[in-house]
>>> print(open('run11.cif').read())   # mmCIF, C-alpha atoms
data_entry
loop_
_atom_site.label_atom_id
_atom_site.label_comp_id
_atom_site.auth_asym_id
_atom_site.auth_seq_id
_atom_site.Cartn_x
_atom_site.Cartn_y
_atom_site.Cartn_z
CA MET G 684 116.61 14.86 -11.40
CA LYS G 685 119.08 17.55 -10.28
CA LYS G 686 120.24 18.00 -13.86
CA ASN G 687 116.65 18.57 -15.06
CA LEU G 688 116.09 21.08 -12.28
CA LYS G 689 119.25 22.98 -13.24
CA VAL G 690 118.18 23.04 -16.88
CA LEU G 691 114.74 24.39 -15.93
CA VAL G 692 116.22 27.06 -13.68
CA CYS G 693 118.63 28.15 -16.44
CA PHE G 694 115.83 28.21 -19.01
CA PHE G 695 113.51 30.34 -16.86
CA SER G 696 116.39 32.67 -15.96
CA PHE G 697 117.14 33.15 -19.64
CA VAL G 698 113.47 33.85 -20.42
CA LEU G 699 113.24 36.34 -17.55
CA ILE G 700 116.41 38.19 -18.63
CA PHE G 701 115.35 38.17 -22.28
CA SER G 702 111.90 39.58 -21.49
CA PHE G 703 113.50 42.28 -19.31
CA PHE G 704 115.73 43.42 -22.18
CA MET G 705 112.89 43.31 -24.71
CA THR G 706 110.75 45.48 -22.45
CA GLY G 707 113.56 48.02 -22.22
CA CYS G 708 113.78 48.18 -26.00
CA SER G 709 110.11 48.87 -26.45
CA GLU G 710 109.17 51.48 -29.03
CA ASN G 711 106.57 52.85 -26.62
CA LYS G 712 109.14 53.84 -24.01
CA LYS G 713 108.00 57.44 -24.54
CA ALA G 714 104.87 56.81 -22.48
CA LYS G 715 106.81 56.46 -19.22
CA ASP G 716 108.89 59.56 -19.81
CA LYS G 717 105.96 61.63 -21.04
CA SER G 718 103.71 60.73 -18.10
CA GLU G 719 105.95 62.85 -15.91
CA GLU G 720 105.70 65.94 -18.12
CA SER G 721 103.12 68.63 -17.67
CA SER G 722 100.07 68.80 -19.89
CA GLU G 723 101.48 71.88 -21.60
CA ASP G 724 104.57 69.96 -22.67
CA ALA G 725 102.38 67.21 -24.12
CA ARG G 726 100.92 69.56 -26.71
CA ASP G 727 104.15 71.24 -27.78
CA ILE G 728 105.02 70.57 -31.39
CA GLU G 729 108.73 70.83 -32.13
CA ASN G 730 108.50 71.38 -35.85
CA GLU G 731 106.00 71.72 -38.64
CA SER G 732 106.42 68.12 -39.84
CA ASP G 733 104.78 66.92 -36.61
CA VAL G 734 101.51 68.64 -37.50
CA ILE G 735 98.83 66.32 -38.87
CA LYS G 736 97.71 67.51 -42.29
CA GLY G 737 94.07 67.78 -43.32
CA GLN G 738 91.19 70.17 -42.92
CA PRO G 739 88.57 69.83 -40.18
CA GLU G 740 84.97 69.76 -41.33
CA ASN G 741 81.86 70.94 -39.49
CA LEU G 742 83.76 71.99 -36.39
CA ASP G 743 82.04 74.99 -34.94
CA ILE G 744 83.17 74.42 -31.36
CA VAL G 745 86.56 73.18 -30.20
CA PRO G 746 86.84 72.62 -26.44
CA GLU G 747 89.60 74.50 -24.64
CA MET G 748 90.53 71.46 -22.56
CA GLY G 749 90.64 67.82 -23.56
CA THR G 750 91.56 64.47 -22.09
CA PHE G 751 93.54 61.96 -24.06
CA TYR G 752 93.95 58.35 -22.99
CA TYR G 753 97.01 56.14 -23.27
CA VAL G 754 98.29 52.89 -21.79
CA ASP G 755 100.80 53.50 -19.02
CA GLU G 756 103.78 51.30 -19.84
CA LEU G 757 104.69 50.68 -16.20
CA THR G 758 101.27 49.66 -14.91
CA GLY G 759 99.56 48.49 -18.11
CA THR G 760 96.49 50.54 -17.22
CA VAL G 761 94.74 53.13 -19.32
CA VAL G 762 95.39 56.64 -18.01
CA GLY G 763 93.59 59.88 -18.84
CA HIS G 764 95.66 63.04 -19.15
CA LYS G 765 94.14 66.54 -19.36
CA MET G 766 95.62 69.09 -21.72
CA GLU G 767 94.82 72.40 -23.38
CA ILE G 768 93.80 72.02 -27.00
CA SER G 769 93.32 74.39 -29.92
CA ASP G 770 91.96 71.78 -32.35
CA GLU G 771 91.28 68.05 -32.76
CA TYR G 772 94.79 67.50 -34.08
CA ASP G 773 96.29 68.36 -30.68
CA LEU G 774 94.58 65.26 -29.29
CA TRP G 775 95.74 63.10 -32.22
CA ASN G 776 99.32 64.34 -31.78
CA ALA G 777 99.17 63.53 -28.05
CA LEU G 778 98.09 59.97 -28.94
CA ILE G 779 101.15 59.75 -31.18
CA ASP G 780 103.46 61.29 -28.58
CA TYR G 781 102.34 58.82 -25.94
CA GLY G 782 102.77 55.77 -28.16
CA VAL G 783 99.10 54.98 -28.79
CA LEU G 784 99.55 55.70 -32.51
CA THR G 785 102.55 55.86 -34.84
CA ASP G 786 103.84 58.80 -36.85
CA ALA G 787 102.28 57.27 -40.00
CA CYS G 788 98.79 57.56 -38.48
CA GLN G 789 96.83 60.60 -39.68
CA LEU G 790 93.52 62.09 -38.70
CA LEU G 791 91.73 63.08 -41.90
CA LYS G 792 88.44 64.46 -40.63
CA LEU G 793 86.40 65.02 -37.49
CA GLU G 794 82.73 65.92 -37.66
CA VAL G 795 80.71 66.81 -34.58
CA SER G 796 76.93 66.46 -34.48
CA GLU G 797 75.76 68.25 -31.34
CA SER G 798 72.11 67.41 -32.08
CA GLU G 799 72.91 63.67 -32.09
CA SER G 800 75.71 63.92 -29.53
CA SER G 801 77.93 61.98 -31.91
CA LEU G 802 81.23 62.22 -33.75
CA LEU G 803 82.61 60.96 -37.03
CA LEU G 804 86.37 60.40 -36.98
CA ASP G 805 88.03 59.49 -40.28
CA PHE G 806 91.67 58.39 -40.43
CA ASN G 807 94.10 57.18 -43.07
CA ASN G 808 94.72 53.59 -44.14
CA ALA G 809 98.03 53.49 -42.23
CA THR G 810 96.09 53.92 -38.98
CA ALA G 811 93.79 51.00 -39.85
CA GLU G 812 96.77 48.83 -40.83
CA TYR G 813 98.52 49.67 -37.55
CA ILE G 814 95.44 48.73 -35.49
CA ASN G 815 94.86 45.56 -37.52
CA SER G 816 98.46 44.44 -37.01
CA MET G 817 97.85 43.98 -33.28
CA GLY G 818 96.46 41.23 -31.18
CA THR G 819 93.08 41.54 -29.55
CA THR G 820 94.36 43.34 -26.45
CA GLY G 821 96.43 45.87 -28.39
CA GLU G 822 93.59 46.50 -30.78
CA THR G 823 91.15 47.10 -27.92
CA GLU G 824 93.60 49.43 -26.16
CA VAL G 825 94.37 51.56 -29.22
CA VAL G 826 90.77 51.81 -30.43
CA GLY G 827 89.59 52.42 -26.87
CA CYS G 828 92.10 55.22 -26.34
CA ILE G 829 91.05 56.91 -29.60
CA VAL G 830 87.33 56.48 -28.91
CA ASN G 831 87.47 57.58 -25.28
CA THR G 832 89.76 60.54 -26.04
CA TYR G 833 87.36 62.09 -28.53
CA LEU G 834 84.12 61.13 -26.74
CA ASP G 835 85.38 62.60 -23.47
CA THR G 836 86.78 65.79 -24.96
CA TYR G 837 83.81 66.59 -27.20
CA GLU G 838 81.30 65.34 -24.59
CA CYS G 839 79.53 63.04 -27.02
CA ASN G 840 77.90 59.64 -26.53
CA LYS G 841 78.79 57.90 -29.78
CA ILE G 842 81.63 57.93 -32.31
CA ARG G 843 81.89 56.43 -35.79
CA LEU G 844 85.36 55.46 -37.02
CA THR G 845 86.03 55.32 -40.75
CA VAL G 846 89.06 54.71 -42.97
CA GLU G 847 89.44 57.24 -45.76
CA GLY G 848 85.66 57.57 -45.88
CA GLY G 849 84.96 53.82 -45.90
CA LYS G 850 84.10 51.22 -43.28
CA PHE G 851 86.52 50.46 -40.48
CA ILE G 852 86.39 46.81 -39.50
CA THR G 853 89.26 45.46 -37.40
CA SER G 854 91.11 42.24 -38.16
CA HIS G 855 89.15 40.68 -35.30
CA GLY G 856 85.82 41.57 -36.91
CA ALA G 857 84.75 44.61 -34.86
CA ASP G 858 82.89 47.14 -37.03
CA PHE G 859 83.32 50.68 -35.75
CA SER G 860 81.93 52.43 -38.83
CA ASN G 861 78.38 52.27 -37.44
CA GLY G 862 79.42 53.86 -34.16
CA THR G 863 80.46 52.86 -30.69
CA GLU G 864 80.15 54.25 -27.22
CA TRP G 865 82.69 54.59 -24.41
CA ILE G 866 85.03 51.56 -24.24
CA ASN G 867 85.72 49.98 -20.85
CA PHE G 868 89.07 48.27 -20.31
CA GLU G 869 88.09 45.97 -17.47
#
>>> encode(input="run11.cif", output="structure tokens")
Amino acid sequence: MKKNLKVLVCFFSFVLIFSFFMTGCSENKKAKDKSEESSEDARDIENESDVIKGQPENLDIVPEMGTFYYVDELTGTVVGHKMEISDEYDLWNALIDYGVLTDACQLLKLEVSESESSLLLDFNNATAEYINSMGTTGETEVVGCIVNTYLDTYECNKIRLTVEGGKFITSHGADFSNGTEWINFE
């Protein structure tokens, strides 16, 4: 009995230590460090290769301030962070900087319909592949951060997500190409 107890204690100690080290090696470690920076630092772009390529369409009005959402690595909660913006790519870059998206993810187009209070956000296939590579929770967090970031900033009620002009359906069957509203994380 004592031997089994010792084996269990050793096993759980190993699992605890292993999970601690894996958490420290996380690719999204930027989120913790960035949450302490000012909103102005969040939008700084160090070099031209960080700028998302593509041309905005039908954007008559770009808000001066925006809120982007990311998952705080320490608490696991979704946090909103206000920042000054000059275009929709500033928000997309902030999502990359805070670990919501990867460098391969690109925003291709954003259309705003003020009359319908809706948005169309089109991204590249790498973004869809990244989202579809996640489990249900990760998928919900990433899509929710994208959706809520643009809905909040552009003060719209609905957003359609598309992949290179086509439907965006996640690996878990959620179809965002017909539009969605604000996503709650509770």
>>> resolve_selection(input="run11.cif", expression="the PyMOL selection byres ((chain G and resi 804) around 9)", output="PyMOL selection string")
chain G and resi 790-795+802-803+805-806+833+842-846
>>> closest_residue(input="run11.cif", among="G:Glu864, G:Glu747, G:Asp835, G:Asp786", to="Ser769 of chain G", atoms="only C-alpha atoms")
G:Glu747
>>> atom_distance(input="run11.cif", atom1="atom CA of Leu778 of chain G", atom2="atom CA of Gly848 of chain G")
21.1 Å
>>> atom_distance(input="run11.cif", atom1="atom CA of Asp755 of chain G", atom2="atom CA of Asp858 of chain G")
26.2 Å
>>> closest_residue(input="run11.cif", among="G:Asp773, G:Tyr837, G:Glu799, G:Gly759", to="Gly862 of chain G", atoms="all atoms listed in the file")
G:Glu799
>>> residues_around(input="run11.cif", residues="Ser816 of chain G", least_positions_apart="5", cutoff="12 Å", atoms="only C-alpha atoms", output="PyMOL selection string")
chain G and resi 809-811+821-823+825+853-855
>>> closest_residue(input="run11.cif", among="G:Ile768, G:Val761, G:Ala787, G:Cys839", to="Val826 of chain G", atoms="all atoms listed in the file")
G:Val761
>>> residues_around(input="run11.cif", residues="Thr836 of chain G", least_positions_apart="2", cutoff="10 Å", atoms="only C-alpha atoms", output="PyMOL selection string")
chain G and resi 745-751+765-766+768+771+774+831-834+838-839
>>> atom_distance(input="run11.cif", atom1="atom CA of Thr819 of chain G", atom2="atom CA of Asn867 of chain G")
14.2 Å
>>> resolve_selection(input="run11.cif", expression="the PyMOL selection byres ((chain G and resi 784) around 10)", output="VMD selection string")
chain G and resid 711 753 775 to 783 785 to 789 810 813 to 814 825 to 826 828 to 829
>>> decode(input="run11.cif", residues="segment 794-811 of chain G", atoms="N, CA, C and O atoms", output="mmCIF file, in the first residue's frame")
data_model
loop_
_atom_site.group_PDB
_atom_site.id
_atom_site.type_symbol
_atom_site.label_atom_id
_atom_site.label_comp_id
_atom_site.auth_asym_id
_atom_site.auth_seq_id
_atom_site.Cartn_x
_atom_site.Cartn_y
_atom_site.Cartn_z
ATOM 1 N N GLU G 794 -15.397 45.066 -44.918
ATOM 2 C CA GLU G 794 -16.443 45.923 -45.447
ATOM 3 C C GLU G 794 -17.394 46.281 -44.321
ATOM 4 O O GLU G 794 -17.777 45.425 -43.531
ATOM 5 N N VAL G 795 -17.763 47.551 -44.261
ATOM 6 C CA VAL G 795 -18.672 48.040 -43.229
ATOM 7 C C VAL G 795 -19.963 48.473 -43.901
ATOM 8 O O VAL G 795 -19.935 49.260 -44.843
ATOM 9 N N SER G 796 -21.083 47.966 -43.411
ATOM 10 C CA SER G 796 -22.388 48.412 -43.875
ATOM 11 C C SER G 796 -23.069 49.135 -42.718
ATOM 12 O O SER G 796 -23.624 48.490 -41.821
ATOM 13 N N GLU G 797 -22.995 50.467 -42.741
ATOM 14 C CA GLU G 797 -23.600 51.233 -41.653
ATOM 15 C C GLU G 797 -25.116 51.091 -41.660
ATOM 16 O O GLU G 797 -25.743 51.055 -40.606
ATOM 17 N N SER G 798 -25.726 50.973 -42.848
ATOM 18 C CA SER G 798 -27.182 50.872 -42.932
ATOM 19 C C SER G 798 -27.688 49.571 -42.297
ATOM 20 O O SER G 798 -28.773 49.534 -41.729
ATOM 21 N N GLU G 799 -26.893 48.502 -42.382
ATOM 22 C CA GLU G 799 -27.281 47.219 -41.795
ATOM 23 C C GLU G 799 -26.591 46.971 -40.457
ATOM 24 O O GLU G 799 -26.805 45.929 -39.839
ATOM 25 N N SER G 800 -25.745 47.876 -40.049
ATOM 26 C CA SER G 800 -24.948 47.732 -38.831
ATOM 27 C C SER G 800 -24.224 46.382 -38.820
ATOM 28 O O SER G 800 -24.262 45.633 -37.853
ATOM 29 N N SER G 801 -23.557 46.102 -39.948
ATOM 30 C CA SER G 801 -22.882 44.810 -40.075
ATOM 31 C C SER G 801 -21.515 44.972 -40.740
ATOM 32 O O SER G 801 -21.227 45.987 -41.373
ATOM 33 N N LEU G 802 -20.712 43.939 -40.584
ATOM 34 C CA LEU G 802 -19.364 43.894 -41.144
ATOM 35 C C LEU G 802 -19.180 42.613 -41.942
ATOM 36 O O LEU G 802 -19.803 41.594 -41.636
ATOM 37 N N LEU G 803 -18.294 42.671 -42.910
ATOM 38 C CA LEU G 803 -17.801 41.484 -43.595
ATOM 39 C C LEU G 803 -16.297 41.490 -43.405
ATOM 40 O O LEU G 803 -15.621 42.457 -43.776
ATOM 41 N N LEU G 804 -15.770 40.429 -42.808
ATOM 42 C CA LEU G 804 -14.335 40.316 -42.571
ATOM 43 C C LEU G 804 -13.853 39.073 -43.309
ATOM 44 O O LEU G 804 -14.321 37.963 -43.041
ATOM 45 N N ASP G 805 -12.952 39.273 -44.254
ATOM 46 C CA ASP G 805 -12.425 38.182 -45.069
ATOM 47 C C ASP G 805 -10.950 37.990 -44.723
ATOM 48 O O ASP G 805 -10.187 38.950 -44.680
ATOM 49 N N PHE G 806 -10.561 36.745 -44.450
ATOM 50 C CA PHE G 806 -9.163 36.460 -44.123
ATOM 51 C C PHE G 806 -8.641 35.325 -44.985
ATOM 52 O O PHE G 806 -9.398 34.654 -45.693
ATOM 53 N N ASN G 807 -7.322 35.112 -44.919
ATOM 54 C CA ASN G 807 -6.686 34.109 -45.751
ATOM 55 C C ASN G 807 -6.917 32.696 -45.211
ATOM 56 O O ASN G 807 -7.385 32.489 -44.091
ATOM 57 N N ASN G 808 -6.562 31.717 -46.041
ATOM 58 C CA ASN G 808 -6.751 30.311 -45.689
ATOM 59 C C ASN G 808 -5.913 29.914 -44.480
ATOM 60 O O ASN G 808 -6.319 29.054 -43.697
ATOM 61 N N ALA G 809 -4.752 30.526 -44.297
ATOM 62 C CA ALA G 809 -3.904 30.207 -43.136
ATOM 63 C C ALA G 809 -4.614 30.526 -41.822
ATOM 64 O O ALA G 809 -4.444 29.817 -40.829
ATOM 65 N N THR G 810 -5.424 31.574 -41.818
ATOM 66 C CA THR G 810 -6.193 31.925 -40.619
ATOM 67 C C THR G 810 -7.221 30.834 -40.322
ATOM 68 O O THR G 810 -7.358 30.388 -39.183
ATOM 69 N N ALA G 811 -7.937 30.399 -41.363
ATOM 70 C CA ALA G 811 -8.932 29.331 -41.185
ATOM 71 C C ALA G 811 -8.269 28.045 -40.708
ATOM 72 O O ALA G 811 -8.783 27.361 -39.803
#
